[in-house]
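Enquirer: Quick one: structure below, then a few questions.
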Amino acid sequence: MALICGLVGVPGSGKTVIFNAITAAGATGFGGTETNRMVVNVPDSRLDKLAAMYNPRKLVPATLDILDIPGLKKAQGSSRGSQLLANLKNVEALLHVVRCFEDPNVPFEYDTINPVRDVENIDLEMMAADAVTLENKIERVSKKLKAGDNKDAIMESAHCKKVYDAIQQGIPARKQDLSKAEKASVYECNLVSLKPVLYIANVKSMADSGNKHVAAIKEIATAENAGIIVVCGRDEADISQLDKADQKEFLKELGLEESSMERLLKAAYCLLGLISFFTVGEDEVRAWTCRAGDKAPVAAGKIHTDMEKGFIRMEVMHYDDLLALGSESALLKAGKKRVESREYEVKDGDIVTVLFNKP
């Protein structure tokens, strides 16, 4: 499942530093024009515990695609701006990096540090792109209406105009509390200001996590019911260059159980509405990704398309039960393994075996 989170922010926000912290990619930073992309593993301690039980030959975690989009500048009005905004069309969620530290030695787009201004400027760029997209959609729907009375087209046009008018008033689509029908009407527009946002407050050190700039971002996040994570991108980028054992030791010295990047990736996973389920065995223990609420055949299709097409049933046990009871045999004896039909909604932590007809 190629699900992509896009890192956005104004130049100098620390976006590429955080991309390097997540991926250890060594990408270049301020003023760059290249889009960086990498697939990263989603941290999940359950995999290690399952591996200790099954001793598999292969261990495969869930993954996410992270796209580092070059810094967006206010009113770019150029082909570069259009290209950067086009990249946003390809992502499912936005990781909005906001600079929350003052340091004259670190280049920045502006002379002052003002998180509220930076967030508003990115939103303005996205809304400008969405306005053009909506104008084009409204024009296409108008042609349908001229061809004859069409109830669906009338409703679609009304919904698009409503969203467009609010955007013209400076309200991003994600803040408009759109109904299911309104979202359906603008679905094909793939509005960038409708995509869910996780704010990343980038500080100089974690000792600054309570500064006024972070407080300003927290207010913004609270107002739109968005998530926020405070990170020190520079320190995290340094940690990412260490080997795993040294990383754990370094974090232990800081009194932390996991890095900020692990928290960030987990939050991004949740932002996308994703859950992990598992398949286990001597050959492989693997985490699979599906959306919360996916029915058993859809989840089975993530393993192999034939499993969705020929789905018969799914045998399910849960990670928590397996861990508590210590073995599959004990779990079976306790009656904790069950058979589920097509209507079953797969849960986070399910361990599954799919029975299906081969084509």
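Quick note on naming: the chains in the structure tokens go A, B, ... in the order shown, residues restart at 1 in each chain, and ligands are numbered from 1 in order of appearance.
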So which bits of range 186-243 of chain A end up strand (DSSP E or B) when you DSSP the backbone, as a ChimeraX atom specification?

Expert: /A:197-202,227-231

Enquirer: Show me a table, sorted first by chain and then by increasing residue number, of the residues of range 68-139 of chain A having an atom at most 12 Å from range 258-280 of chain A, each with its shortest atom pair and the distance in Å to one decimal, counting only C-alpha atoms and written as a Markdown table.

Expert:
| residue | atom | partner | partner_atom | distance |
| --- | --- | --- | --- | --- |
| A:Val91 | CA | A:Leu272 | CA | 10.3 |
| A:Glu92 | CA | A:Leu272 | CA | 6.9 |
| A:Ala93 | CA | A:Leu272 | CA | 6.5 |
| A:Leu94 | CA | A:Ala268 | CA | 8.7 |
| A:Leu95 | CA | A:Ala268 | CA | 7.7 |
| A:His96 | CA | A:Ala268 | CA | 11.1 |
| A:Val97 | CA | A:Leu264 | CA | 11.4 |

Enquirer: As a PyMOL selection string, please: all residues of range 143-294 of chain A that backbone DSSP puts in helix (DSSP H, G or I).

Expert: chain A and resi 143-147+151-168+173-175+180-189+192-194+206-208+212-223+233-240+244-253+260-271

Enquirer: Which is closest to Thr23 in chain A among A:Glu236, A:Pro107, A:Ala287, A:Phe250, if we use only C-alpha atoms?

Expert: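 Smallest separation from Thr23 in chain A among the options: A:Glu236.
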
Enquirer: Ranking A:Thr112, A:Asn357, A:Ser329, A:Thr289 by minimum distance to Val60 in chain A and counting only C-alpha atoms, which one comes first?

Expert: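 The answer is A:Thr289, which sits nearest to Val60 in chain A.
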
Enquirer: Rank nothing, just name the residue among A:Lys15, A:Lys252, A:Lys183, A:Lys218 nearest to Arg234 in chain A, using only C-alpha atoms.

Expert: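 Closest residue, counting only C-alpha atoms: A:Lys15.
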